[in-house]
Amino acid sequence: MKIIYDTISKIVLVLMFTTAISYQAQQRVVSVDEVKNRALENNKKIKKAQQNIEAAKAARTAAEAGGKPTVDGSVRGYYFTKPLSNLIPEVLGSANVNVTQVLYAGGKVETGKKISSAAVDMQMAQKNLTKEEVKLSAETMYWQIVNAKEKIALAKEYIKLLDQLHTNVKNSFDAGLTYKNDLLKIEVQQNEAQLNLKRAEDDLSIAKLNLAQIAGLPNSDFDVEDVVNGGFDGVLADSQLQPQNRPELSILAKAVEINELQEKLLDGDRKPTVALSGIGFSSVGKNINPVNLKNNMQGFVGMLSVNIPIYDWGARKEKVKEQQYKTNAQKLEMEETKELLVLEVQNAVMQLNQSVKRIELAEKSLVQATENLRLNQDRYDAGTVVAEEVLKAQVLWQEAKSEILDAKAEYKINEAKYKKASGVNGEY
C-alpha cells in the first residue's frame with residue numbers, strides 16, 4: 001500500500017508541476033500598444049458609435065432620394081350590393097400608378113441632404129472622441145496594473161526585511177538581550193506589511209478585470225510586459241498652446257452647421273411648394289367604360305399643385321427665430337469649449353511637469369532612505385542602536401520606494417492625458 005501511495009503522490013506532483021508550467025506558458029503577455037489596439041477593435045462603446053454612424057449614413061441615403069420622383073401603386077377589388085350595383089358594376093377591380101415629382105420646395109430638399117451629411121460627419125467625430133476616451137482608459141488601467149505588480153514585489157521584499165529583523169530580534173529576546181516590546185513592534189509592522197500585500201494583489205485583480213472589459217479581452221488571465229522606467233521628461237509650459245485635432249471641436253462645429261441648416265429648413269416652410277403628379281389607372285368591371293360600355297377602362301390624370309403659405313399668425317416666422325437663438329447658443333458653447341480645451345492642455349502640461357518633479361524628489365528620498373537603512377543596519381549589527389531604529393529605517397525605505405513607484409506610474413498616465421489633450425503627433 002505504501003508503494004502505491006508513494007507512486008500516486010509522485011504522479012499527482014508531476015501533474016501539478018506540468019499544469020503550472022503549462023499555465024505560465026499559456027498566460028499571454030500584452031503591451032500597452034496591443035491593449036489600445038484591442039480596445040479600438042473590441043470595445044462596446046466604439047461598436048455602438050459605429051452603429052450610430054451607419055444609422056446616420058442610412059438617413060443620408062434616404063435624404064438624397066428626397067429630390068427624386070416617387071412612384072406608388074395600388075390594386076383594389078370591390079363588391080357592391082344594391083342600390084349601388086344599379087349605378088356601378090357589382091364587381092369592380094382597379095389598379096393605379098401615381099408618379100410625383102417635387103419641382104420646388106423652398107430649398108428644403110437640398111438643405112435636408114446637407115443636414116444628413118453633416119450628421120454623418122458629427123457621428124464620425126463622436127466615434128473619434130469615444131476612441132480617444134477608450135484608449136486613455138485602457139492605457140490608464142495598463143499602468144495601474146504595472147504599478148500594482150511592482151507594489152506586490154515591493155511588499156514581498158519589505159516582508160523579507162521585516163522577517164529577517166524579526167528573526168534577529170527574537171534571537172536576542174530569547175537570549176534575554178532585549179525586551180518583548182521590541183519584538184511586538186516588528187510583528188505589528190509585519191501585519192501591516194501583509195495587509196499592504198493583500199491590497200496590492202486586490203488592486204492588481206481589479207485593474208486586470210477593468211482592462212479586460214475595456215480592451216475586450218476574454219478574461220483577466222494575462223500579464224503586462226512593461227515596468228515603469230525609461231525617460232521622464234517634462235514639457236515646456238506655453239500659454240499660447242492650442243489643442244489640435246480635438247474631436248470635441250469637430251462635433252460642436254458640425255452641431256453649429258446643422259443648427260444653421262435647420263434655420264434654412266424652417267425658413268423653407270414659409271416658401272411655396274410646387275409638385276407635378278401623374279396618375280395612371282386601369283379598371284375592370286361589367287360595362288365599366290361609360291363611353292363604349294366595355295368591361296375595361298384605362299386613363300391618365302396629370303396634376304400640377306402649388307402650395308403657398310399665406311398667413312399663420314407668425315408661427316413659422318417665430319420657429320425660424322427660435323432656431324436662430326439655438327444656433328447662437330450652440331456657437332457660444334463651441335467658443336466656451338475651445339477655451340476649456342486650452343485650459344485642459346495647460347493643466348495637462350502642469351500635471352506632467354509636476355510628475356517629473358515628484359519623480360526627482362522621490363529618487364532623492366529613496367537614495368537617502370537606502371543609505372539611512374544601511375547605516376542603521378550596520379549600527380544594529382554593531383550593537384550601537386536598538387532594533388526600533390532599524391525598523392524605522394525600513395519603514396522610511398518602504399515608503400520612499402512606494403512613492404517612486406506611484407510617481408512613475410502617475411507620470412505615464414499624465415503623459416497619456418497630455419497627448420490626448422494636445423493631440424501631439426496625432427497620438428490620439
# chains A, B, ... in the order shown; residues from 1 in each chain; ligands from 1
call {"tool": "select_by_dssp", "arguments": {"residues": "range 84-272 of chain A", "states": "alpha helix (DSSP H)", "output": "ChimeraX atom specification"}}
result
/A:108-174,180-215,247-268
call {"tool": "closest_atom_pairs", "arguments": {"of": "range 67-183 of chain A", "to": "range 305-312 of chain A", "cutoff": "12 Å", "atoms": "only C-alpha atoms", "output": "tab-separated table"}}
result
residue	atom	partner	partner_atom	distance
A:Thr100	CA	A:Ser305	CA	10.4
A:Gln101	CA	A:Ser305	CA	10.5
A:Val102	CA	A:Ser305	CA	9.4
A:Leu103	CA	A:Val306	CA	9.8
A:Tyr104	CA	A:Val306	CA	9.2
A:Ala105	CA	A:Asn307	CA	9.3
A:Gly106	CA	A:Ile308	CA	10.6
call {"tool": "residues_around", "arguments": {"residues": "Thr111 in chain A", "least_positions_apart": "6", "cutoff": "12 Å", "atoms": "only C-alpha atoms", "output": "MDAnalysis selection string"}}
result
chainID A and resid 60 63:64 66:67 105 117:118 257:269
call {"tool": "write_last_selection", "arguments": {"atoms": "all heavy atoms", "output": "short mmCIF file (atom, residue, chain, number, x, y, z; two decimals), in the first residue's frame"}}
result
data_model
loop_
_atom_site.label_atom_id
_atom_site.label_comp_id
_atom_site.auth_asym_id
_atom_site.auth_seq_id
_atom_site.Cartn_x
_atom_site.Cartn_y
_atom_site.Cartn_z
N ARG A 60 -28.75 59.60 -44.47
CA ARG A 60 -28.25 60.42 -45.57
C ARG A 60 -28.70 59.86 -46.91
O ARG A 60 -29.10 60.62 -47.81
CB ARG A 60 -26.72 60.49 -45.51
CG ARG A 60 -26.09 61.33 -46.61
CD ARG A 60 -24.58 61.36 -46.49
NE ARG A 60 -23.99 60.04 -46.62
CZ ARG A 60 -22.70 59.78 -46.47
NH1 ARG A 60 -21.86 60.78 -46.16
NH2 ARG A 60 -22.23 58.56 -46.60
N ALA A 63 -32.22 60.78 -47.42
CA ALA A 63 -32.37 62.21 -47.74
C ALA A 63 -31.97 62.49 -49.18
O ALA A 63 -32.58 63.34 -49.85
CB ALA A 63 -31.53 63.05 -46.79
N GLU A 64 -30.96 61.79 -49.68
CA GLU A 64 -30.51 62.00 -51.06
C GLU A 64 -31.57 61.58 -52.07
O GLU A 64 -31.56 62.04 -53.22
CB GLU A 64 -29.21 61.24 -51.31
CG GLU A 64 -28.01 61.86 -50.60
CD GLU A 64 -26.77 60.99 -50.69
OE1 GLU A 64 -26.90 59.83 -51.14
OE2 GLU A 64 -25.67 61.46 -50.32
N GLY A 66 -34.62 62.31 -51.66
CA GLY A 66 -35.75 63.22 -51.48
C GLY A 66 -36.09 64.02 -52.73
O GLY A 66 -37.25 64.37 -52.94
N GLY A 67 -35.13 64.34 -53.56
CA GLY A 67 -35.41 65.15 -54.75
C GLY A 67 -35.81 64.35 -55.97
O GLY A 67 -36.06 64.93 -57.04
N ALA A 105 -39.37 73.27 -53.48
CA ALA A 105 -39.85 73.14 -52.10
C ALA A 105 -39.15 74.14 -51.19
O ALA A 105 -38.89 73.85 -50.02
CB ALA A 105 -39.63 71.72 -51.59
N SER A 117 -25.74 64.86 -44.29
CA SER A 117 -24.29 64.69 -44.47
C SER A 117 -23.53 65.21 -43.25
O SER A 117 -22.56 64.58 -42.79
CB SER A 117 -23.83 65.44 -45.72
OG SER A 117 -24.36 64.84 -46.88
N ALA A 118 -23.96 66.36 -42.73
CA ALA A 118 -23.32 66.90 -41.53
C ALA A 118 -23.53 65.97 -40.33
O ALA A 118 -22.64 65.84 -39.48
CB ALA A 118 -23.87 68.29 -41.22
N GLU A 257 -23.27 73.86 -37.66
CA GLU A 257 -23.66 73.77 -39.06
C GLU A 257 -25.07 73.21 -39.20
O GLU A 257 -25.89 73.73 -40.00
CB GLU A 257 -22.67 72.88 -39.82
CG GLU A 257 -22.98 72.73 -41.29
CD GLU A 257 -22.01 71.82 -42.01
OE1 GLU A 257 -20.95 71.49 -41.42
OE2 GLU A 257 -22.30 71.43 -43.16
N ILE A 258 -25.38 72.17 -38.44
CA ILE A 258 -26.72 71.57 -38.51
C ILE A 258 -27.77 72.55 -38.04
O ILE A 258 -28.87 72.66 -38.62
CB ILE A 258 -26.75 70.28 -37.68
CG1 ILE A 258 -25.94 69.17 -38.37
CG2 ILE A 258 -28.19 69.79 -37.47
CD1 ILE A 258 -25.77 67.91 -37.55
N ASN A 259 -27.46 73.31 -36.98
CA ASN A 259 -28.43 74.31 -36.49
C ASN A 259 -28.67 75.39 -37.54
O ASN A 259 -29.81 75.85 -37.72
CB ASN A 259 -27.91 74.93 -35.19
CG ASN A 259 -28.30 74.12 -33.97
OD1 ASN A 259 -29.39 74.27 -33.43
ND2 ASN A 259 -27.41 73.25 -33.53
N GLU A 260 -27.62 75.82 -38.22
CA GLU A 260 -27.78 76.83 -39.27
C GLU A 260 -28.62 76.28 -40.43
O GLU A 260 -29.45 77.01 -41.01
CB GLU A 260 -26.42 77.28 -39.76
CG GLU A 260 -25.64 78.10 -38.73
CD GLU A 260 -24.22 78.43 -39.18
OE1 GLU A 260 -23.72 77.73 -40.09
OE2 GLU A 260 -23.63 79.36 -38.62
N LEU A 261 -28.40 75.01 -40.76
CA LEU A 261 -29.19 74.40 -41.82
C LEU A 261 -30.64 74.21 -41.38
O LEU A 261 -31.57 74.30 -42.21
CB LEU A 261 -28.58 73.05 -42.21
CG LEU A 261 -27.23 73.12 -42.94
CD1 LEU A 261 -26.61 71.74 -43.06
CD2 LEU A 261 -27.40 73.75 -44.32
N GLN A 262 -30.85 73.97 -40.09
CA GLN A 262 -32.22 73.87 -39.59
C GLN A 262 -32.96 75.19 -39.76
O GLN A 262 -34.17 75.21 -40.02
CB GLN A 262 -32.20 73.46 -38.12
CG GLN A 262 -31.82 72.01 -37.85
CD GLN A 262 -32.94 71.04 -38.19
OE1 GLN A 262 -34.04 71.43 -38.57
NE2 GLN A 262 -32.66 69.76 -38.07
N GLU A 263 -32.25 76.30 -39.62
CA GLU A 263 -32.86 77.61 -39.88
C GLU A 263 -33.38 77.68 -41.31
O GLU A 263 -34.52 78.12 -41.56
CB GLU A 263 -31.84 78.72 -39.64
CG GLU A 263 -31.46 78.97 -38.20
CD GLU A 263 -30.46 80.11 -38.08
OE1 GLU A 263 -30.56 81.07 -38.88
OE2 GLU A 263 -29.57 80.04 -37.21
N LYS A 264 -32.53 77.28 -42.26
CA LYS A 264 -32.93 77.31 -43.67
C LYS A 264 -34.11 76.37 -43.91
O LYS A 264 -35.00 76.68 -44.71
CB LYS A 264 -31.75 76.92 -44.55
CG LYS A 264 -30.59 77.92 -44.52
CD LYS A 264 -29.49 77.48 -45.47
CE LYS A 264 -28.33 78.49 -45.47
NZ LYS A 264 -27.25 78.08 -46.40
N LEU A 265 -34.09 75.22 -43.23
CA LEU A 265 -35.17 74.25 -43.42
C LEU A 265 -36.49 74.83 -42.94
O LEU A 265 -37.53 74.70 -43.61
CB LEU A 265 -34.83 72.97 -42.65
CG LEU A 265 -35.64 71.72 -43.02
CD1 LEU A 265 -35.34 71.30 -44.45
CD2 LEU A 265 -35.29 70.58 -42.06
N LEU A 266 -36.47 75.48 -41.78
CA LEU A 266 -37.69 76.09 -41.25
C LEU A 266 -38.12 77.28 -42.09
O LEU A 266 -39.32 77.53 -42.27
CB LEU A 266 -37.47 76.52 -39.80
CG LEU A 266 -37.30 75.38 -38.80
CD1 LEU A 266 -36.86 75.92 -37.44
CD2 LEU A 266 -38.59 74.59 -38.66
N ASP A 267 -37.13 78.01 -42.61
CA ASP A 267 -37.45 79.15 -43.47
C ASP A 267 -38.09 78.66 -44.77
O ASP A 267 -38.91 79.36 -45.38
CB ASP A 267 -36.20 79.96 -43.77
CG ASP A 267 -36.51 81.28 -44.45
OD1 ASP A 267 -37.31 82.07 -43.89
OD2 ASP A 267 -35.98 81.52 -45.55
N GLY A 268 -37.73 77.47 -45.20
CA GLY A 268 -38.33 76.89 -46.41
C GLY A 268 -39.81 76.63 -46.25
O GLY A 268 -40.54 76.57 -47.25
N ASP A 269 -40.28 76.43 -45.00
CA ASP A 269 -41.72 76.23 -44.77
C ASP A 269 -42.52 77.47 -45.10
O ASP A 269 -43.75 77.40 -45.23
CB ASP A 269 -41.96 75.83 -43.31
CG ASP A 269 -41.43 74.44 -43.01
OD1 ASP A 269 -41.29 73.64 -43.95
OD2 ASP A 269 -41.15 74.15 -41.82
#
call {"tool": "select_by_dssp", "arguments": {"residues": "range 169-283 of chain A", "states": "strand (DSSP E)", "output": "count of residues only"}}
result
14
call {"tool": "closest_residue", "arguments": {"among": "A:Asn196, A:Thr327, A:Asn296, A:Ser402", "to": "Ala369 in chain A", "atoms": "only C-alpha atoms"}}
result
A:Ser402
call {"tool": "residues_around", "arguments": {"residues": "range 358-368 of chain A", "least_positions_apart": "3", "cutoff": "7 Å", "atoms": "only C-alpha atoms", "output": "PyMOL selection string"}}
result
chain A and resi 354-355+371-372+397+400-401+403-404+407-408
call {"tool": "atom_distance", "arguments": {"atom1": "CA of Ala207 in chain A", "atom2": "CA of Met350 in chain A"}}
result
26.3 Å
call {"tool": "residues_around", "arguments": {"residues": "Gly302 in chain A", "least_positions_apart": "6", "cutoff": "10 Å", "atoms": "only C-alpha atoms", "output": "PyMOL selection string"}}
result
chain A and resi 98-100+276-280
call {"tool": "write_last_selection", "arguments": {"atoms": "N, CA and C atoms", "output": "mmCIF file, in the first residue's frame"}}
result
data_model
loop_
_atom_site.group_PDB
_atom_site.id
_atom_site.type_symbol
_atom_site.label_atom_id
_atom_site.label_comp_id
_atom_site.auth_asym_id
_atom_site.auth_seq_id
_atom_site.Cartn_x
_atom_site.Cartn_y
_atom_site.Cartn_z
ATOM 1 N N ASN A 98 -49.158 56.081 -59.331
ATOM 2 C CA ASN A 98 -49.056 57.520 -59.076
ATOM 3 C C ASN A 98 -47.578 57.915 -59.084
ATOM 4 N N VAL A 99 -47.216 58.838 -59.944
ATOM 5 C CA VAL A 99 -45.843 59.352 -60.048
ATOM 6 C C VAL A 99 -45.859 60.827 -59.663
ATOM 7 N N THR A 100 -44.993 61.180 -58.653
ATOM 8 C CA THR A 100 -44.959 62.564 -58.179
ATOM 9 C C THR A 100 -43.533 63.078 -58.187
ATOM 10 N N LEU A 276 -45.478 68.137 -59.367
ATOM 11 C CA LEU A 276 -46.152 67.616 -60.553
ATOM 12 C C LEU A 276 -46.461 66.150 -60.315
ATOM 13 N N SER A 277 -47.721 65.774 -60.552
ATOM 14 C CA SER A 277 -48.147 64.397 -60.316
ATOM 15 C C SER A 277 -48.829 63.850 -61.554
ATOM 16 N N GLY A 278 -48.665 62.557 -61.763
ATOM 17 C CA GLY A 278 -49.364 61.861 -62.840
ATOM 18 C C GLY A 278 -49.939 60.561 -62.307
ATOM 19 N N ILE A 279 -51.214 60.298 -62.598
ATOM 20 C CA ILE A 279 -51.886 59.095 -62.099
ATOM 21 C C ILE A 279 -52.383 58.297 -63.287
ATOM 22 N N GLY A 280 -51.909 57.097 -63.434
ATOM 23 C CA GLY A 280 -52.409 56.182 -64.442
ATOM 24 C C GLY A 280 -53.287 55.134 -63.783
#
call {"tool": "closest_atom_pairs", "arguments": {"of": "range 315-428 of chain A", "to": "range 243-252 of chain A", "cutoff": "6 Å", "atoms": "only C-alpha atoms", "output": "tab-separated table"}}
result
residue	atom	partner	partner_atom	distance
A:Met334	CA	A:Leu252	CA	5.7
A:Ser422	CA	A:Pro243	CA	4.5
A:Gly423	CA	A:Gln244	CA	5.1
call {"tool": "residues_around", "arguments": {"residues": "Tyr79 in chain A", "least_positions_apart": "2", "cutoff": "7 Å", "atoms": "only C-alpha atoms", "output": "number ranges by chain"}}
result
A: 81, 90-92
call {"tool": "residues_around", "arguments": {"residues": "Glu41 in chain A", "least_positions_apart": "4", "cutoff": "12 Å", "atoms": "only C-alpha atoms", "output": "ChimeraX atom specification"}}
result
/A:34-37,45-48,50,131,134-135,214-217
call {"tool": "atom_distance", "arguments": {"atom1": "CA of Met303 in chain A", "atom2": "CA of Gly107 in chain A"}}
result
21.6 Å
call {"tool": "closest_residue", "arguments": {"among": "A:Ala393, A:Val30, A:Ala275, A:Met297", "to": "Asp221 in chain A", "atoms": "only C-alpha atoms"}}
result
A:Val30
call {"tool": "closest_residue", "arguments": {"among": "A:Lys208, A:Lys185, A:Lys254, A:His166", "to": "Ala148 in chain A", "atoms": "only C-alpha atoms"}}
result
A:Lys208
call {"tool": "decode", "arguments": {"residues": "range 135-270 of chain A", "atoms": "C-alpha atoms", "output": "tab-separated table (two decimals), in the first residue's frame"}}
result
chain	number	residue	atom	x	y	z
A	135	LYS	CA	-7.57	54.44	-25.42
A	136	LEU	CA	-6.86	56.71	-22.46
A	137	SER	CA	-8.85	54.44	-20.14
A	138	ALA	CA	-7.02	51.37	-21.45
A	139	GLU	CA	-3.59	52.98	-21.00
A	140	THR	CA	-4.50	54.25	-17.53
A	141	MET	CA	-5.55	50.76	-16.44
A	142	TYR	CA	-2.43	49.31	-18.04
A	143	TRP	CA	-0.08	51.46	-15.97
A	144	GLN	CA	-2.15	50.83	-12.87
A	145	ILE	CA	-1.55	47.11	-13.43
A	146	VAL	CA	2.18	47.71	-13.86
A	147	ASN	CA	2.22	49.76	-10.65
A	148	ALA	CA	0.26	47.11	-8.75
A	149	LYS	CA	2.70	44.42	-9.89
A	150	GLU	CA	5.66	46.43	-8.65
A	151	LYS	CA	3.84	47.21	-5.41
A	152	ILE	CA	3.42	43.46	-4.87
A	153	ALA	CA	7.13	42.88	-5.49
A	154	LEU	CA	7.97	45.74	-3.10
A	155	ALA	CA	5.62	44.37	-0.44
A	156	LYS	CA	7.27	40.94	-0.65
A	157	GLU	CA	10.73	42.48	-0.46
A	158	TYR	CA	9.72	44.55	2.55
A	159	ILE	CA	8.25	41.47	4.25
A	160	LYS	CA	11.59	39.69	3.82
A	161	LEU	CA	13.38	42.60	5.52
A	162	LEU	CA	10.90	42.52	8.39
A	163	ASP	CA	11.16	38.75	8.71
A	164	GLN	CA	14.95	38.94	8.90
A	165	LEU	CA	14.76	41.69	11.53
A	166	HIS	CA	12.15	39.69	13.43
A	167	THR	CA	14.44	36.66	13.46
A	168	ASN	CA	17.35	38.68	14.80
A	169	VAL	CA	15.27	40.41	17.48
A	170	LYS	CA	13.63	37.14	18.51
A	171	ASN	CA	17.04	35.55	18.95
A	172	SER	CA	18.04	38.50	21.12
A	173	PHE	CA	14.79	38.26	23.09
A	174	ASP	CA	15.22	34.51	23.61
A	175	ALA	CA	18.73	35.24	24.87
A	176	GLY	CA	17.34	37.88	27.23
A	177	LEU	CA	19.16	40.72	25.49
A	178	THR	CA	16.08	42.78	24.52
A	179	TYR	CA	12.52	43.40	25.58
A	180	LYS	CA	9.38	41.79	24.16
A	181	ASN	CA	8.11	45.25	23.31
A	182	ASP	CA	10.73	45.44	20.51
A	183	LEU	CA	9.50	42.14	19.13
A	184	LEU	CA	5.84	43.23	19.23
A	185	LYS	CA	6.58	46.43	17.32
A	186	ILE	CA	8.09	44.40	14.50
A	187	GLU	CA	5.16	41.99	14.48
A	188	VAL	CA	2.72	44.87	14.20
A	189	GLN	CA	4.66	46.12	11.21
A	190	GLN	CA	4.66	42.62	9.73
A	191	ASN	CA	0.86	42.55	9.96
A	192	GLU	CA	0.68	45.93	8.22
A	193	ALA	CA	3.03	44.67	5.51
A	194	GLN	CA	0.84	41.61	4.91
A	195	LEU	CA	-2.21	43.85	4.64
A	196	ASN	CA	-0.42	46.08	2.12
A	197	LEU	CA	0.48	42.99	0.10
A	198	LYS	CA	-3.18	41.92	0.06
A	199	ARG	CA	-4.25	45.40	-1.02
A	200	ALA	CA	-1.75	45.39	-3.88
A	201	GLU	CA	-2.93	41.96	-5.01
A	202	ASP	CA	-6.56	43.11	-4.90
A	203	ASP	CA	-5.68	46.27	-6.82
A	204	LEU	CA	-3.99	44.12	-9.46
A	205	SER	CA	-7.03	41.84	-9.79
A	206	ILE	CA	-9.46	44.74	-10.11
A	207	ALA	CA	-7.26	46.60	-12.60
A	208	LYS	CA	-6.95	43.45	-14.73
A	209	LEU	CA	-10.72	42.96	-14.75
A	210	ASN	CA	-11.25	46.58	-15.77
A	211	LEU	CA	-8.66	46.38	-18.52
A	212	ALA	CA	-10.14	43.11	-19.81
A	213	GLN	CA	-13.54	44.81	-20.09
A	214	ILE	CA	-12.18	47.91	-21.81
A	215	ALA	CA	-9.93	46.02	-24.24
A	216	GLY	CA	-12.33	43.19	-24.94
A	217	LEU	CA	-10.01	40.53	-23.51
A	218	PRO	CA	-11.77	37.21	-22.80
A	219	ASN	CA	-10.63	37.15	-19.16
A	220	SER	CA	-8.10	38.58	-16.74
A	221	ASP	CA	-5.61	35.73	-17.30
A	222	PHE	CA	-2.89	37.89	-18.82
A	223	ASP	CA	0.26	39.73	-17.82
A	224	VAL	CA	1.78	43.05	-18.88
A	225	GLU	CA	5.27	43.34	-20.29
A	226	ASP	CA	6.31	46.79	-19.06
A	227	VAL	CA	7.88	48.12	-15.92
A	228	VAL	CA	7.73	51.80	-15.06
A	229	ASN	CA	11.11	53.03	-16.19
A	230	GLY	CA	12.72	54.94	-19.03
A	231	GLY	CA	12.89	58.67	-19.58
A	232	PHE	CA	10.67	61.00	-17.62
A	233	ASP	CA	10.86	64.32	-19.41
A	234	GLY	CA	8.70	67.36	-18.87
A	235	VAL	CA	7.22	69.67	-21.47
A	236	LEU	CA	7.61	73.40	-21.86
A	237	ALA	CA	4.71	75.43	-20.49
A	238	ASP	CA	3.22	77.61	-23.23
A	239	SER	CA	0.27	79.88	-22.55
A	240	GLN	CA	-0.40	80.01	-26.31
A	241	LEU	CA	-0.55	76.23	-26.71
A	242	GLN	CA	-3.68	75.26	-28.62
A	243	PRO	CA	-5.25	71.80	-28.79
A	244	GLN	CA	-5.06	70.16	-32.19
A	245	ASN	CA	-7.33	67.64	-33.89
A	246	ARG	CA	-9.73	67.52	-30.97
A	247	PRO	CA	-12.96	65.74	-31.98
A	248	GLU	CA	-14.92	67.80	-29.45
A	249	LEU	CA	-14.40	70.85	-31.69
A	250	SER	CA	-15.41	68.88	-34.78
A	251	ILE	CA	-18.59	67.72	-33.05
A	252	LEU	CA	-19.54	71.25	-32.00
A	253	ALA	CA	-18.66	72.71	-35.40
A	254	LYS	CA	-20.97	70.20	-37.07
A	255	ALA	CA	-23.65	70.92	-34.47
A	256	VAL	CA	-23.47	74.63	-35.37
A	257	GLU	CA	-23.66	73.77	-39.06
A	258	ILE	CA	-26.72	71.57	-38.51
A	259	ASN	CA	-28.43	74.31	-36.49
A	260	GLU	CA	-27.78	76.83	-39.27
A	261	LEU	CA	-29.19	74.40	-41.82
A	262	GLN	CA	-32.22	73.87	-39.59
A	263	GLU	CA	-32.86	77.61	-39.88
A	264	LYS	CA	-32.93	77.31	-43.67
A	265	LEU	CA	-35.17	74.25	-43.42
A	266	LEU	CA	-37.69	76.09	-41.25
A	267	ASP	CA	-37.45	79.15	-43.47
A	268	GLY	CA	-38.33	76.89	-46.41
A	269	ASP	CA	-41.72	76.23	-44.77
A	270	ARG	CA	-42.55	79.88	-45.49
